[in-house]
Amino acid sequence: MEERSMGDRNSGDAKNFNWPWPDVPAATLLKKARAVAERAYAPYSKFKVGAALLMADGSIVLGCNVENSSYSMTICAERSAIAGMISIGHLDPVAIAVAGGKSSTPCPPCGACRQVLAEFNPDMQVVLESPNRIIVMTVNELLPLSFSLTERK
Ligand SMILES: [Zn+2]
């Protein structure tokens with residue numbers, strides 16, 4: 001796995017990784033993910049996660065984790081954002097930022113969420129926090145050979 005760093009994680013400077021959306025810097029997307037994590041419903045784990053999904057047209061869909069007393073019914077922030085995306089008629093996510101737990105620790109999508117993200121765009125950029133930098137990887141890098149009913153290139 002290759003980590004691409006951008007130095008100051010709050011700078012919004014994308015010179016060290018491919019980020020073709022200058023109107024929404026990776027740091028901005030991450031900030032939105034961090035903010036929406038505060039709305040998470042996580043009374044059991046207390047582990048609040050937020051996700052900010054960037055669409056090709058520049059719009060952003062937010063999601064947070066929603067736990068349940070029947071633990072397996074819990075939905076992650078990433079899948080919550082994907083559900084929101086579908087419900088407002090979008091099908092073209094290009095990037096997702098995920099933030100949860102301690103702000104300096106990466107909160108990568110779980111295996112189930114990686115598969116769900118791959119359904120909509122295996123080349124989607126995934127933005128994660130890390131001490132003093134932002135990590136950007138594609139869904140393909142996080143989940144090589146994801147399951148698909150159709151042949152992938
Ligand atoms: Zn997940």
# chains A, B, ... in the order shown; residues from 1 in each chain; ligands from 1
$ residues_around --residues "segment 121-125 of chain A" --least-positions-apart "6" --cutoff "6 Å" --atoms "only C-alpha atoms" --output "ChimeraX atom specification"
/A:94-95,137-140
$ write_last_selection --atoms "N, CA and C atoms" --output "PDB file, in the first residue's frame"
ATOM      1  N   VAL A  94     -16.818  10.377  -6.275  1.00  0.00           N
ATOM      2  CA  VAL A  94     -15.417  10.393  -6.723  1.00  0.00           C
ATOM      3  C   VAL A  94     -14.441  10.296  -5.555  1.00  0.00           C
ATOM      4  N   ALA A  95     -14.888  10.674  -4.359  1.00  0.00           N
ATOM      5  CA  ALA A  95     -13.996  10.630  -3.193  1.00  0.00           C
ATOM      6  C   ALA A  95     -14.830  10.533  -1.917  1.00  0.00           C
ATOM      7  N   MET A 137      -5.920   7.101  -0.618  1.00  0.00           N
ATOM      8  CA  MET A 137      -5.766   5.827  -1.333  1.00  0.00           C
ATOM      9  C   MET A 137      -7.047   5.588  -2.125  1.00  0.00           C
ATOM     10  N   THR A 138      -6.988   4.741  -3.127  1.00  0.00           N
ATOM     11  CA  THR A 138      -8.224   4.404  -3.839  1.00  0.00           C
ATOM     12  C   THR A 138      -8.895   3.207  -3.163  1.00  0.00           C
ATOM     13  N   VAL A 139     -10.172   3.046  -3.444  1.00  0.00           N
ATOM     14  CA  VAL A 139     -10.893   1.875  -2.942  1.00  0.00           C
ATOM     15  C   VAL A 139     -10.219   0.604  -3.460  1.00  0.00           C
ATOM     16  N   ASN A 140      -9.789   0.629  -4.714  1.00  0.00           N
ATOM     17  CA  ASN A 140      -9.076  -0.521  -5.294  1.00  0.00           C
ATOM     18  C   ASN A 140      -7.832  -0.885  -4.501  1.00  0.00           C
TER      19      ASN A 140
END
$ residues_near_ligand --ligand "ligand 1" --cutoff "7 Å" --atoms "only C-alpha atoms and all ligand atoms" --output "number ranges by chain"
A: 76-79, 109-113
$ residues_around --residues "segment 47-52 of chain A" --least-positions-apart "4" --cutoff "7 Å" --atoms "only C-alpha atoms" --output "list in words"
Leu29, Lys32, Ala33, Arg34, Val36, Ala37, Glu38, Ala40, Ala42, Ile60, Val61, Leu62, Gly63, Cys64, Asn65, Ala77, Glu78, Ala81, Ile96, Ala97, Val98, Ala99, Gly100 and Gly101 of chain A
$ write_last_selection --atoms "C-alpha atoms" --output "PDB file, in the first residue's frame"
ATOM      1  CA  LEU A  29     -13.688  16.999   2.903  1.00  0.00           C
ATOM      2  CA  LYS A  32     -16.722  17.787   7.057  1.00  0.00           C
ATOM      3  CA  ALA A  33     -16.336  14.097   7.928  1.00  0.00           C
ATOM      4  CA  ARG A  34     -14.927  15.029  11.342  1.00  0.00           C
ATOM      5  CA  VAL A  36     -20.597  15.034  11.022  1.00  0.00           C
ATOM      6  CA  ALA A  37     -19.061  12.350  13.259  1.00  0.00           C
ATOM      7  CA  GLU A  38     -20.378  14.420  16.167  1.00  0.00           C
ATOM      8  CA  ALA A  40     -23.244   9.784  15.103  1.00  0.00           C
ATOM      9  CA  ALA A  42     -22.982   5.454  18.996  1.00  0.00           C
ATOM     10  CA  ILE A  60     -21.144  16.466  -0.810  1.00  0.00           C
ATOM     11  CA  VAL A  61     -23.250  13.859   0.974  1.00  0.00           C
ATOM     12  CA  LEU A  62     -22.614  13.232   4.664  1.00  0.00           C
ATOM     13  CA  GLY A  63     -23.088  10.115   6.748  1.00  0.00           C
ATOM     14  CA  CYS A  64     -22.412   8.930  10.277  1.00  0.00           C
ATOM     15  CA  ASN A  65     -22.559   5.609  12.044  1.00  0.00           C
ATOM     16  CA  ALA A  77     -20.782   6.099   8.359  1.00  0.00           C
ATOM     17  CA  GLU A  78     -19.606   5.170   4.862  1.00  0.00           C
ATOM     18  CA  ALA A  81     -23.416   8.256   3.228  1.00  0.00           C
ATOM     19  CA  ILE A  96     -14.878   9.916   0.423  1.00  0.00           C
ATOM     20  CA  ALA A  97     -13.308  11.235   3.604  1.00  0.00           C
ATOM     21  CA  VAL A  98     -13.681   9.190   6.777  1.00  0.00           C
ATOM     22  CA  ALA A  99     -12.921  10.396  10.301  1.00  0.00           C
ATOM     23  CA  GLY A 100     -13.535   8.755  13.640  1.00  0.00           C
ATOM     24  CA  GLY A 101     -12.043   8.105  17.035  1.00  0.00           C
TER      25      GLY A 101
END
$ select_by_dssp --residues "segment 17-150 of chain A" --states "alpha helix (DSSP H)" --output "PyMOL selection string"
chain A and resi 26-37+77-87+111-120+139-142
$ residues_around --residues "Gly89 of chain A" --least-positions-apart "4" --cutoff "12 Å" --atoms "only C-alpha atoms" --output "ChimeraX atom specification"
/A:55,59,61,82-85,93
$ closest_residue --among "A:Leu30, A:Leu54, A:Ala118, A:Ile86" --to "Arg133 of chain A" --atoms "only C-alpha atoms"
A:Leu30
$ atom_distance --atom1 "atom CA of His90 of chain A" --atom2 "atom CA of Leu145 of chain A"
24.7 Å
